[in-house]
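Next up, my_file_30.pdb (PDB, C-alpha atoms):
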```
ATOM      1  CA  MET I   1       0.000   0.000   0.000
ATOM      2  CA  HIS I   2       1.270   3.462  -0.873
ATOM      3  CA  PRO I   3       1.938   5.597   2.271
ATOM      4  CA  ASP I   4      -0.510   8.261   1.053
ATOM      5  CA  GLN I   5      -3.386   5.826   0.634
ATOM      6  CA  GLN I   6      -5.893   5.733   3.472
ATOM      7  CA  PRO I   7      -6.940   2.165   4.296
ATOM      8  CA  VAL I   8     -10.630   1.391   4.445
ATOM      9  CA  LEU I   9     -11.646  -0.619   7.493
ATOM     10  CA  ASP I  10     -13.157  -4.022   6.864
ATOM     11  CA  LYS I  11     -16.770  -4.548   7.859
ATOM     12  CA  GLY I  12     -17.562  -7.068  10.562
ATOM     13  CA  THR I  13     -14.037  -6.836  11.977
ATOM     14  CA  LEU I  14     -12.784  -6.461  15.539
ATOM     15  CA  TYR I  15      -9.656  -4.312  15.755
ATOM     16  CA  VAL I  16      -7.559  -4.905  18.897
ATOM     17  CA  VAL I  17      -5.926  -1.514  19.391
ATOM     18  CA  ALA I  18      -2.979  -0.855  21.713
ATOM     19  CA  THR I  19      -3.059   2.533  23.466
ATOM     20  CA  PRO I  20      -0.374   4.402  25.466
ATOM     21  CA  ILE I  21       0.670   3.106  28.891
ATOM     22  CA  GLY I  22       1.438   6.660  30.012
ATOM     23  CA  ASN I  23       2.833   9.089  27.467
ATOM     24  CA  LEU I  24       0.063   9.904  24.998
ATOM     25  CA  GLN I  25       2.600  10.574  22.245
ATOM     26  CA  ASP I  26       3.293   6.835  22.099
ATOM     27  CA  ILE I  27       0.040   6.118  20.260
ATOM     28  CA  THR I  28       0.605   4.945  16.697
ATOM     29  CA  LEU I  29      -0.687   6.617  13.551
ATOM     30  CA  ARG I  30      -2.450   3.387  12.624
ATOM     31  CA  ALA I  31      -4.193   3.267  16.012
ATOM     32  CA  LEU I  32      -5.448   6.840  15.593
ATOM     33  CA  ASP I  33      -6.665   6.129  12.080
ATOM     34  CA  THR I  34      -8.492   3.018  13.252
ATOM     35  CA  LEU I  35     -10.138   4.739  16.215
ATOM     36  CA  ARG I  36     -11.380   7.520  13.929
ATOM     37  CA  LYS I  37     -12.931   5.134  11.422
ATOM     38  CA  VAL I  38     -14.546   2.333  13.430
ATOM     39  CA  ASP I  39     -18.279   2.337  14.078
ATOM     40  CA  LEU I  40     -17.854   1.548  17.776
ATOM     41  CA  VAL I  41     -15.132   1.541  20.458
ATOM     42  CA  ALA I  42     -15.315  -1.125  23.182
ATOM     43  CA  ALA I  43     -13.423   0.253  26.197
ATOM     44  CA  GLU I  44     -12.468  -1.111  29.607
ATOM     45  CA  ASP I  45     -13.439   2.197  31.237
ATOM     46  CA  THR I  46     -15.332   4.575  28.971
ATOM     47  CA  ARG I  47     -14.446   7.572  31.172
ATOM     48  CA  ASN I  48     -10.700   6.970  30.880
ATOM     49  CA  SER I  49     -10.912   6.216  27.184
ATOM     50  CA  ALA I  50     -13.077   9.274  26.537
ATOM     51  CA  ARG I  51     -10.217  11.469  27.755
ATOM     52  CA  LEU I  52      -7.808   9.711  25.382
ATOM     53  CA  LEU I  53     -10.149  10.116  22.418
ATOM     54  CA  GLN I  54     -10.894  13.740  23.257
ATOM     55  CA  HIS I  55      -7.171  14.492  23.450
ATOM     56  CA  PHE I  56      -6.815  13.443  19.809
ATOM     57  CA  GLY I  57     -10.101  15.005  18.705
ATOM     58  CA  ILE I  58     -11.842  11.690  18.071
ATOM     59  CA  ALA I  59     -15.610  11.465  18.447
ATOM     60  CA  ALA I  60     -16.617   7.836  18.799
ATOM     61  CA  ARG I  61     -19.573   5.816  20.003
ATOM     62  CA  MET I  62     -18.449   3.750  22.998
ATOM     63  CA  GLN I  63     -19.452   0.538  24.740
ATOM     64  CA  ALA I  64     -18.096  -0.521  28.138
ATOM     65  CA  LEU I  65     -16.405  -3.913  28.251
ATOM     66  CA  HIS I  66     -14.840  -4.790  31.600
ATOM     67  CA  GLU I  67     -14.329  -7.837  33.817
ATOM     68  CA  HIS I  68     -17.850  -7.615  35.283
ATOM     69  CA  ASN I  69     -19.798  -7.429  32.002
ATOM     70  CA  GLU I  70     -17.497  -9.021  29.438
ATOM     71  CA  ARG I  71     -19.750 -11.961  28.602
ATOM     72  CA  SER I  72     -22.939  -9.949  28.178
ATOM     73  CA  ALA I  73     -21.134  -7.153  26.340
ATOM     74  CA  THR I  74     -19.559  -9.725  24.021
ATOM     75  CA  GLU I  75     -22.979 -10.792  22.753
ATOM     76  CA  LEU I  76     -23.949  -7.184  22.026
ATOM     77  CA  LEU I  77     -20.680  -6.539  20.210
ATOM     78  CA  ILE I  78     -20.903  -9.701  18.102
ATOM     79  CA  LYS I  79     -24.397  -8.664  17.065
ATOM     80  CA  GLN I  80     -22.858  -5.392  15.837
ATOM     81  CA  LEU I  81     -20.256  -7.357  13.874
ATOM     82  CA  SER I  82     -22.997  -9.493  12.319
ATOM     83  CA  GLU I  83     -24.595  -6.288  11.042
ATOM     84  CA  GLY I  84     -21.360  -5.321   9.305
ATOM     85  CA  LYS I  85     -20.068  -2.877  11.909
ATOM     86  CA  SER I  86     -16.372  -2.424  12.666
ATOM     87  CA  ILE I  87     -15.297  -2.324  16.332
ATOM     88  CA  ALA I  88     -12.111  -1.239  18.105
ATOM     89  CA  LEU I  89     -11.248  -2.916  21.409
ATOM     90  CA  ILE I  90      -9.109  -0.836  23.776
ATOM     91  CA  SER I  91      -8.100  -1.116  27.425
ATOM     92  CA  ASP I  92      -7.211   1.611  29.915
ATOM     93  CA  ALA I  93      -3.563   1.339  28.890
ATOM     94  CA  GLY I  94      -1.396  -0.847  26.703
ATOM     95  CA  THR I  95      -2.432  -3.845  24.629
ATOM     96  CA  PRO I  96      -5.918  -5.231  25.355
ATOM     97  CA  ALA I  97      -6.506  -8.800  26.562
ATOM     98  CA  ILE I  98      -3.113  -9.028  28.318
ATOM     99  CA  SER I  99      -3.900  -8.948  32.068
ATOM    100  CA  ASP I 100      -6.861  -6.797  30.988
ATOM    101  CA  PRO I 101     -10.384  -7.591  29.767
ATOM    102  CA  GLY I 102     -10.855  -8.577  26.148
ATOM    103  CA  ALA I 103      -9.558 -12.132  25.754
ATOM    104  CA  TYR I 104     -13.053 -13.632  26.034
ATOM    105  CA  LEU I 105     -14.393 -11.238  23.397
ATOM    106  CA  VAL I 106     -11.486 -11.942  21.021
ATOM    107  CA  ASN I 107     -11.911 -15.696  21.467
ATOM    108  CA  GLU I 108     -15.655 -15.584  20.802
ATOM    109  CA  VAL I 109     -15.279 -13.300  17.788
ATOM    110  CA  ARG I 110     -12.736 -15.666  16.212
ATOM    111  CA  ARG I 111     -14.735 -18.770  17.173
ATOM    112  CA  ARG I 112     -17.801 -17.434  15.409
ATOM    113  CA  GLY I 113     -15.924 -16.715  12.217
ATOM    114  CA  TYR I 114     -15.402 -12.962  12.350
ATOM    115  CA  ARG I 115     -12.061 -11.368  11.657
ATOM    116  CA  VAL I 116      -9.780 -10.086  14.436
ATOM    117  CA  CYS I 117      -7.143  -7.569  13.382
ATOM    118  CA  PRO I 118      -4.377  -6.545  15.832
ATOM    119  CA  ILE I 119      -3.186  -2.925  15.807
ATOM    120  CA  PRO I 120       0.104  -3.289  17.733
ATOM    121  CA  GLY I 121       1.653  -0.662  19.939
ATOM    122  CA  PRO I 122       2.600   0.010  23.576
ATOM    123  CA  SER I 123       3.005  -2.921  25.963
ATOM    124  CA  ALA I 124       4.256  -2.630  29.530
ATOM    125  CA  VAL I 125       5.938  -6.046  29.312
ATOM    126  CA  ALA I 126       7.960  -5.231  26.196
ATOM    127  CA  THR I 127       8.746  -1.737  27.472
ATOM    128  CA  ALA I 128      10.120  -3.034  30.782
ATOM    129  CA  LEU I 129      12.183  -5.797  29.182
ATOM    130  CA  SER I 130      13.678  -3.453  26.600
ATOM    131  CA  ALA I 131      14.950  -1.044  29.257
ATOM    132  CA  SER I 132      16.062  -3.582  31.867
ATOM    133  CA  GLY I 133      19.272  -4.774  30.231
ATOM    134  CA  ASP I 134      18.215  -8.331  30.991
ATOM    135  CA  LEU I 135      20.605 -10.738  29.263
ATOM    136  CA  ASN I 136      18.312 -13.772  29.453
ATOM    137  CA  SER I 137      16.816 -14.332  26.003
ATOM    138  CA  HIS I 138      13.802 -16.129  27.496
ATOM    139  CA  TYR I 139      11.157 -14.763  29.816
ATOM    140  CA  LEU I 140       7.876 -15.875  31.345
ATOM    141  CA  PHE I 141       5.147 -13.269  31.703
ATOM    142  CA  TYR I 142       2.951 -14.170  34.667
ATOM    143  CA  GLY I 143       0.991 -10.946  35.112
ATOM    144  CA  PHE I 144      -0.637 -10.251  38.482
ATOM    145  CA  LEU I 145       0.145 -12.653  41.322
ATOM    146  CA  PRO I 146      -2.662 -13.706  43.687
ATOM    147  CA  PRO I 147      -3.457 -10.946  46.204
ATOM    148  CA  LYS I 148      -3.418 -13.230  49.276
ATOM    149  CA  HIS I 149      -0.112 -14.284  50.851
ATOM    150  CA  SER I 150      -0.772 -18.043  50.980
ATOM    151  CA  ALA I 151      -1.873 -18.317  47.354
ATOM    152  CA  ARG I 152       0.914 -16.013  46.200
ATOM    153  CA  SER I 153       3.573 -18.058  48.010
ATOM    154  CA  LYS I 154       2.262 -21.269  46.458
ATOM    155  CA  VAL I 155       2.539 -19.793  42.953
ATOM    156  CA  LEU I 156       6.043 -18.470  43.631
ATOM    157  CA  GLU I 157       7.183 -21.899  44.844
ATOM    158  CA  GLN I 158       6.093 -23.328  41.476
ATOM    159  CA  LEU I 159       7.918 -20.593  39.581
ATOM    160  CA  ALA I 160      11.128 -20.685  41.655
ATOM    161  CA  PRO I 161      12.939 -23.477  39.718
ATOM    162  CA  LEU I 162      12.319 -21.942  36.274
ATOM    163  CA  PRO I 163      15.403 -20.581  34.467
ATOM    164  CA  TYR I 164      13.506 -17.773  32.713
ATOM    165  CA  THR I 165      13.272 -14.118  33.682
ATOM    166  CA  LEU I 166       9.939 -13.820  35.500
ATOM    167  CA  VAL I 167       7.754 -10.796  34.711
ATOM    168  CA  PHE I 168       4.986  -9.660  37.044
ATOM    169  CA  TYR I 169       2.543  -6.766  37.204
ATOM    170  CA  GLU I 170       1.898  -5.363  40.671
ATOM    171  CA  ALA I 171      -0.221  -2.622  42.229
ATOM    172  CA  PRO I 172       1.423  -0.059  44.544
ATOM    173  CA  HIS I 173      -0.487  -1.119  47.665
ATOM    174  CA  ARG I 174       0.774  -4.706  47.341
ATOM    175  CA  VAL I 175       4.287  -4.274  45.988
ATOM    176  CA  MET I 176       6.029  -4.369  49.384
ATOM    177  CA  GLU I 177       4.459  -7.634  50.537
ATOM    178  CA  THR I 178       5.005  -9.172  47.094
ATOM    179  CA  VAL I 179       8.704  -8.272  47.180
ATOM    180  CA  LYS I 180       8.986  -9.820  50.651
ATOM    181  CA  ASP I 181       7.423 -13.051  49.382
ATOM    182  CA  LEU I 182       9.753 -13.036  46.361
ATOM    183  CA  SER I 183      12.750 -12.742  48.669
ATOM    184  CA  ASP I 184      11.490 -15.443  51.041
ATOM    185  CA  THR I 185      10.770 -17.908  48.231
ATOM    186  CA  PHE I 186      13.534 -17.216  45.692
ATOM    187  CA  GLY I 187      16.325 -16.324  48.100
ATOM    188  CA  GLN I 188      18.050 -12.979  48.402
ATOM    189  CA  GLU I 189      20.722 -13.387  45.714
ATOM    190  CA  ARG I 190      18.541 -13.053  42.640
ATOM    191  CA  ASN I 191      18.232  -9.618  41.044
ATOM    192  CA  ILE I 192      14.934  -7.775  40.725
ATOM    193  CA  THR I 193      14.288  -4.859  38.366
ATOM    194  CA  PHE I 194      11.616  -2.369  39.376
ATOM    195  CA  CYS I 195       9.980  -0.651  36.403
ATOM    196  CA  ARG I 196       7.645   1.973  37.835
ATOM    197  CA  GLU I 197       5.438   4.512  36.052
ATOM    198  CA  LEU I 198       6.840   3.562  32.651
ATOM    199  CA  THR I 199       6.758   6.385  30.040
ATOM    200  CA  LYS I 200       5.349   8.788  32.660
ATOM    201  CA  LEU I 201       6.899  11.820  34.351
ATOM    202  CA  PHE I 202       8.292   9.891  37.345
ATOM    203  CA  GLU I 203       9.453   6.826  35.435
ATOM    204  CA  THR I 204      11.860   4.736  37.514
ATOM    205  CA  ILE I 205      13.935   1.712  36.495
ATOM    206  CA  HIS I 206      16.082   0.204  39.242
ATOM    207  CA  THR I 207      17.880  -3.136  39.571
ATOM    208  CA  CYS I 208      19.152  -4.610  42.837
ATOM    209  CA  PRO I 209      19.431  -7.979  44.638
ATOM    210  CA  LEU I 210      16.249  -9.102  46.376
ATOM    211  CA  SER I 211      18.168  -8.681  49.643
ATOM    212  CA  GLN I 212      18.108  -4.891  49.070
ATOM    213  CA  ALA I 213      14.683  -4.576  47.467
ATOM    214  CA  GLU I 214      12.560  -3.813  50.536
ATOM    215  CA  GLU I 215      15.085  -1.275  51.801
ATOM    216  CA  TRP I 216      15.109   0.478  48.417
ATOM    217  CA  LEU I 217      11.326   0.778  48.412
ATOM    218  CA  GLU I 218      11.284   2.129  51.970
ATOM    219  CA  GLU I 219      13.954   4.790  51.328
ATOM    220  CA  ASP I 220      11.491   7.024  49.488
ATOM    221  CA  SER I 221       7.713   6.905  49.963
ATOM    222  CA  ASN I 222       7.267   7.978  46.329
ATOM    223  CA  ARG I 223       8.734   4.647  45.248
ATOM    224  CA  LEU I 224       5.586   2.940  46.527
ATOM    225  CA  LYS I 225       3.379   4.922  44.133
ATOM    226  CA  GLY I 226       2.370   4.049  40.610
ATOM    227  CA  GLU I 227       1.989   0.828  38.669
ATOM    228  CA  PHE I 228       4.867  -1.667  38.676
ATOM    229  CA  VAL I 229       6.371  -4.166  36.303
ATOM    230  CA  LEU I 230       8.725  -6.455  38.241
ATOM    231  CA  LEU I 231      11.421  -8.496  36.493
ATOM    232  CA  VAL I 232      13.088 -11.217  38.566
ATOM    233  CA  ASP I 233      16.054 -13.336  37.492
ATOM    234  CA  GLY I 234      15.319 -16.970  36.794
ATOM    235  CA  GLN I 235      16.978 -19.849  38.591
ATOM    236  CA  ILE I 236      20.598 -20.201  37.496
ATOM    237  CA  GLU I 237      21.154 -23.688  36.141
ATOM    238  CA  THR I 238      24.084 -25.431  37.799
ATOM    239  CA  THR I 239      26.619 -27.120  35.541
ATOM    240  CA  SER I 240      27.309 -30.828  35.804
ATOM    241  CA  SER I 241      30.643 -30.090  37.501
ATOM    242  CA  ASP I 242      28.929 -27.851  40.055
ATOM    243  CA  LYS I 243      26.388 -30.565  40.781
ATOM    244  CA  GLU I 244      29.087 -33.210  41.158
ATOM    245  CA  ASN I 245      31.015 -31.012  43.575
ATOM    246  CA  GLU I 246      27.884 -30.498  45.664
ATOM    247  CA  GLU I 247      27.141 -34.209  45.732
ATOM    248  CA  THR I 248      30.741 -35.046  46.675
ATOM    249  CA  ARG I 249      30.669 -32.577  49.552
ATOM    250  CA  LEU I 250      27.306 -33.955  50.711
ATOM    251  CA  LEU I 251      28.607 -37.530  50.697
ATOM    252  CA  GLU I 252      31.757 -36.492  52.581
ATOM    253  CA  ILE I 253      29.601 -35.154  55.410
ATOM    254  CA  LEU I 254      27.250 -38.147  55.482
ATOM    255  CA  LEU I 255      29.976 -40.831  55.194
ATOM    256  CA  ALA I 256      31.758 -39.319  58.179
ATOM    257  CA  GLU I 257      28.742 -40.183  60.354
ATOM    258  CA  LEU I 258      26.877 -43.036  58.628
ATOM    259  CA  PRO I 259      27.444 -46.406  56.916
ATOM    260  CA  LEU I 260      27.726 -46.262  53.150
ATOM    261  CA  LYS I 261      24.196 -47.459  52.289
ATOM    262  CA  GLN I 262      22.538 -45.033  54.695
ATOM    263  CA  ALA I 263      24.733 -42.167  53.502
ATOM    264  CA  VAL I 264      23.805 -42.864  49.862
ATOM    265  CA  LYS I 265      20.104 -43.163  50.686
ATOM    266  CA  LEU I 266      20.105 -39.799  52.450
ATOM    267  CA  ALA I 267      22.168 -38.209  49.673
ATOM    268  CA  VAL I 268      19.591 -39.363  47.089
ATOM    269  CA  GLU I 269      16.741 -37.880  49.145
ATOM    270  CA  ILE I 270      18.542 -34.567  49.737
ATOM    271  CA  SER I 271      20.035 -33.980  46.288
ATOM    272  CA  GLY I 272      17.576 -35.768  44.025
ATOM    273  CA  GLY I 273      20.535 -37.477  42.319
ATOM    274  CA  LYS I 274      20.450 -40.969  40.855
ATOM    275  CA  LYS I 275      21.058 -43.764  43.375
ATOM    276  CA  ASN I 276      23.475 -45.835  41.282
ATOM    277  CA  ARG I 277      25.688 -42.881  40.418
ATOM    278  CA  LEU I 278      25.816 -41.666  44.041
ATOM    279  CA  TYR I 279      26.551 -45.221  45.237
ATOM    280  CA  ASP I 280      29.495 -45.526  42.801
ATOM    281  CA  LEU I 281      30.741 -42.078  43.866
ATOM    282  CA  ALA I 282      30.552 -43.071  47.543
ATOM    283  CA  LEU I 283      32.482 -46.312  46.850
ATOM    284  CA  SER I 284      35.244 -44.417  45.057
ATOM    285  CA  MET I 285      35.461 -41.936  47.931
ATOM    286  CA  GLN I 286      35.853 -44.713  50.484
ATOM    287  CA  LYS I 287      38.713 -46.233  48.488
TER
END
```

Starting from the file, give its structure as C-alpha cells.
Amino acid sequence: MHPDQQPVLDKGTLYVVATPIGNLQDITLRALDTLRKVDLVAAEDTRNSARLLQHFGIAARMQALHEHNERSATELLIKQLSEGKSIALISDAGTPAISDPGAYLVNEVRRRGYRVCPIPGPSAVATALSASGDLNSHYLFYGFLPPKHSARSKVLEQLAPLPYTLVFYEAPHRVMETVKDLSDTFGQERNITFCRELTKLFETIHTCPLSQAEEWLEEDSNRLKGEFVLLVDGQIETTSSDKENEETRLLEILLAELPLKQAVKLAVEISGGKKNRLYDLALSMQK
C-alpha cells in the first residue's frame, strides 16, 4: 500500500488496538486512524478512554467492556459485527486482553468466524524488558500474582525453579508484601528490576538484589506509588561439575557419620541425584 493511501476498514471486523501506557505521544498513527474510522469503540473504562479520544479530537460511540460485564457485552458486540459494523477494542492502557479484559471477546469473535485484526503498539511487558538490560533471552510473563499471601507463596514456589526471567505486574499497595514473598521464596541473591510509572513523568527503572529490594522501596515513599512491572532473574542452572562437587561434599559429610548405604540413601533424598551414580561415587570416595 502506498503511504498516502488511506486504508478502508473491513466490515464485521474487531480491531484490537494498543493505546499508550502513560505518554500519549506513544500512540501509533495506525491506532489513531483506526479509532477515527470504526463504528464503535469497546473500552475497559469509557471515562478513561473518553479522555484519550478527546485528546486526539476523536468522536466515537463507545461501549463498556470490563471484567464484570465481558460476557454480556460480548454478545452485544458480536451482534454489531454481524450487522457489518467495525469495532475497536481498547483497554485503559497498553495492549488489550493481556492482564486486561478482552480475551473472552477476542476468542468468541474468532470462534464465530469474524475477523480479528491486531493494531500493535505500547506494551508494559515489552517496554520493561527493553529497558532492563536483561541478558536472558527467554522470559515468562505471569501478570498479576494472587493478592493473598498463601496463594501467592504457592505460585512463587512453582515458579522458583524456572530458568527464565519472571515478569509480574503489581499494584502499589501490594508491591512491598510481594517483594517480601519473592525474597522469602527465591532467596536474596537473585536480582529484581523495578519498572515503575513507565513512560510517565516519574518513570523509575532500578535493579538490585532481592536482599536490598525492601530497603530500596522504603527509602522514598514515592517509590511505593504508581503501577509496577517487576522483572526477577530466573533460577541459574548449575553445571554438571557444580552438581558433582555439591554431591561429593554432601557424601563427605554423610559418610563421616553413617554407613555407606545409609549415607547414599540420604544423599539421594537430599540432592535428588540418581542412586546408582551416588553409590558408585561413595564407593570411590571410600577407596

In Å to one decimal, how far is CA of Asp134 (chain I) from CA of Thr165 (chain I)?
-> 8.1 Å

Spell out the residues picked by the PyMOL selection byres ((chain I and resi 245-254) around 10) here, as a ChimeraX atom specification.
-> /I:239-244,255-260,262-268,270-273,278-279,281-282,285-286

Work out how far apart CA of Ala43 (chain I) and CA of Ala64 (chain I) are and give it in Å to one decimal.
-> 5.1 Å

What does the distance from CA of Ala160 (chain I) to CA of Pro209 (chain I) come to in Å, to one decimal?
->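 Atom-to-atom, CA of Ala160 (chain I) and CA of Pro209 (chain I) are spaced 15.5 Å apart.
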
Can you pull out every residue within 12 Å of His55 (chain I), counting all atoms listed in the file, but drop anything in the same chain fewer than 3 positions away, and send it as a short mmCIF file (atom, residue, chain, number, x, y, z; two decimals) with C-alpha atoms, in the frame of the given file?
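What landed in out.cif:
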```cif
data_model
loop_
_atom_site.label_atom_id
_atom_site.label_comp_id
_atom_site.auth_asym_id
_atom_site.auth_seq_id
_atom_site.Cartn_x
_atom_site.Cartn_y
_atom_site.Cartn_z
CA LEU I 24 0.06 9.90 25.00
CA GLN I 25 2.60 10.57 22.24
CA ILE I 27 0.04 6.12 20.26
CA LEU I 32 -5.45 6.84 15.59
CA ASN I 48 -10.70 6.97 30.88
CA SER I 49 -10.91 6.22 27.18
CA ALA I 50 -13.08 9.27 26.54
CA ARG I 51 -10.22 11.47 27.76
CA LEU I 52 -7.81 9.71 25.38
CA ILE I 58 -11.84 11.69 18.07
CA ALA I 59 -15.61 11.46 18.45
#
```

With the file shown as input, list the residues that the PyMOL selection byres ((chain I and resi 124) around 10) selects, as a VMD selection string.
-> chain I and resid 20 to 22 93 to 95 98 122 to 123 125 to 130 169 195 197 to 199 228 to 229

For Val38 (chain I): contacts at 8 Å, only C-alpha atoms, fewer than 6 positions along chain excluded, given as number ranges by chain | I: 9, 60, 85-88

Shell around Asp181 (chain I) at 9 Å using all atoms listed in the file, local window under 4 positions removed, as JSON, numbers by chain | {"I": [149, 152, 153, 156, 176, 177, 185, 186]}

Residue neighbourhood Asn191 (chain I), 7 Å, all atoms listed in the file, exclusion window fewer than 4 positions, as a PyMOL selection string = chain I and resi 207-210+232-233

Given the file shown, determine the residues that the PyMOL selection byres ((chain I and resi 66) around 10) selects; report them as a PDB file with C-alpha atoms, keeping the file's coordinate frame.
```pdb
ATOM      1  CA  ALA I  42     -15.315  -1.125  23.182  1.00  0.00           C
ATOM      2  CA  ALA I  43     -13.423   0.253  26.197  1.00  0.00           C
ATOM      3  CA  GLU I  44     -12.468  -1.111  29.607  1.00  0.00           C
ATOM      4  CA  ASP I  45     -13.439   2.197  31.237  1.00  0.00           C
ATOM      5  CA  THR I  46     -15.332   4.575  28.971  1.00  0.00           C
ATOM      6  CA  GLN I  63     -19.452   0.538  24.740  1.00  0.00           C
ATOM      7  CA  ALA I  64     -18.096  -0.521  28.138  1.00  0.00           C
ATOM      8  CA  LEU I  65     -16.405  -3.913  28.251  1.00  0.00           C
ATOM      9  CA  GLU I  67     -14.329  -7.837  33.817  1.00  0.00           C
ATOM     10  CA  HIS I  68     -17.850  -7.615  35.283  1.00  0.00           C
ATOM     11  CA  ASN I  69     -19.798  -7.429  32.002  1.00  0.00           C
ATOM     12  CA  GLU I  70     -17.497  -9.021  29.438  1.00  0.00           C
ATOM     13  CA  ARG I  71     -19.750 -11.961  28.602  1.00  0.00           C
ATOM     14  CA  ALA I  73     -21.134  -7.153  26.340  1.00  0.00           C
ATOM     15  CA  SER I  91      -8.100  -1.116  27.425  1.00  0.00           C
ATOM     16  CA  ASP I 100      -6.861  -6.797  30.988  1.00  0.00           C
ATOM     17  CA  PRO I 101     -10.384  -7.591  29.767  1.00  0.00           C
ATOM     18  CA  GLY I 102     -10.855  -8.577  26.148  1.00  0.00           C
TER      19      GLY I 102
END
```

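Proximity of I:Ser132, I:Thr34, I:Ser82, I:Thr19 to Leu230 (chain I), computed with only C-alpha atoms, is greatest for I:Ser132.
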
Using only C-alpha atoms, which residues sit within 12 Å of Trp216 (chain I) once same-chain residues fewer than 2 positions away are excluded, as a short mmCIF file (atom, residue, chain, number, x, y, z; two decimals) with C-alpha atoms, keeping the file's coordinate frame?
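Wrote it out as out.cif, contents follow:
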```cif
data_model
loop_
_atom_site.label_atom_id
_atom_site.label_comp_id
_atom_site.auth_asym_id
_atom_site.auth_seq_id
_atom_site.Cartn_x
_atom_site.Cartn_y
_atom_site.Cartn_z
CA MET I 176 6.03 -4.37 49.38
CA VAL I 179 8.70 -8.27 47.18
CA ILE I 192 14.93 -7.78 40.72
CA THR I 193 14.29 -4.86 38.37
CA PHE I 194 11.62 -2.37 39.38
CA HIS I 206 16.08 0.20 39.24
CA THR I 207 17.88 -3.14 39.57
CA CYS I 208 19.15 -4.61 42.84
CA PRO I 209 19.43 -7.98 44.64
CA LEU I 210 16.25 -9.10 46.38
CA SER I 211 18.17 -8.68 49.64
CA GLN I 212 18.11 -4.89 49.07
CA ALA I 213 14.68 -4.58 47.47
CA GLU I 214 12.56 -3.81 50.54
CA GLU I 218 11.28 2.13 51.97
CA GLU I 219 13.95 4.79 51.33
CA ASP I 220 11.49 7.02 49.49
CA SER I 221 7.71 6.90 49.96
CA ASN I 222 7.27 7.98 46.33
CA ARG I 223 8.73 4.65 45.25
CA LEU I 224 5.59 2.94 46.53
#
```

Hey, can you pull every residue with an atom no more than 10 Å from (-12.0, -13.1, 20.4), using only C-alpha atoms, and send it as a PyMOL selection string?
-> chain I and resi 14+16+74+78+97+102-116

Output C-alpha atoms for every residue in that selection, as a compact mmCIF listing (two decimals), keeping the file's coordinate frame.
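After the write, result00.txt holds the following:
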```txt
# COMPACT_ATOMS: atom_id res chain seq x y z
CA LEU I 14 -12.78 -6.46 15.54
CA VAL I 16 -7.56 -4.90 18.90
CA THR I 74 -19.56 -9.72 24.02
CA ILE I 78 -20.90 -9.70 18.10
CA ALA I 97 -6.51 -8.80 26.56
CA GLY I 102 -10.86 -8.58 26.15
CA ALA I 103 -9.56 -12.13 25.75
CA TYR I 104 -13.05 -13.63 26.03
CA LEU I 105 -14.39 -11.24 23.40
CA VAL I 106 -11.49 -11.94 21.02
CA ASN I 107 -11.91 -15.70 21.47
CA GLU I 108 -15.66 -15.58 20.80
CA VAL I 109 -15.28 -13.30 17.79
CA ARG I 110 -12.74 -15.67 16.21
CA ARG I 111 -14.74 -18.77 17.17
CA ARG I 112 -17.80 -17.43 15.41
CA GLY I 113 -15.92 -16.72 12.22
CA TYR I 114 -15.40 -12.96 12.35
CA ARG I 115 -12.06 -11.37 11.66
CA VAL I 116 -9.78 -10.09 14.44
```

As lines of an AutoDock Vina configuration file: centre and edge lengths in Å, one decimal, of the axis-aligned box holding region 32-39 of chain I with 6 Å per side:
```
center_x = -11.9
center_y = 4.9
center_z = 13.8
size_x = 24.8
size_y = 17.2
size_z = 16.8
```

Quick one: of I:Glu227, I:Glu269, I:Glu170, I:Asp26, who's nearest to Gly121 (chain I), counting only C-alpha atoms?
->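 Using only C-alpha atoms, the shortest distance to Gly121 (chain I) belongs to I:Asp26.
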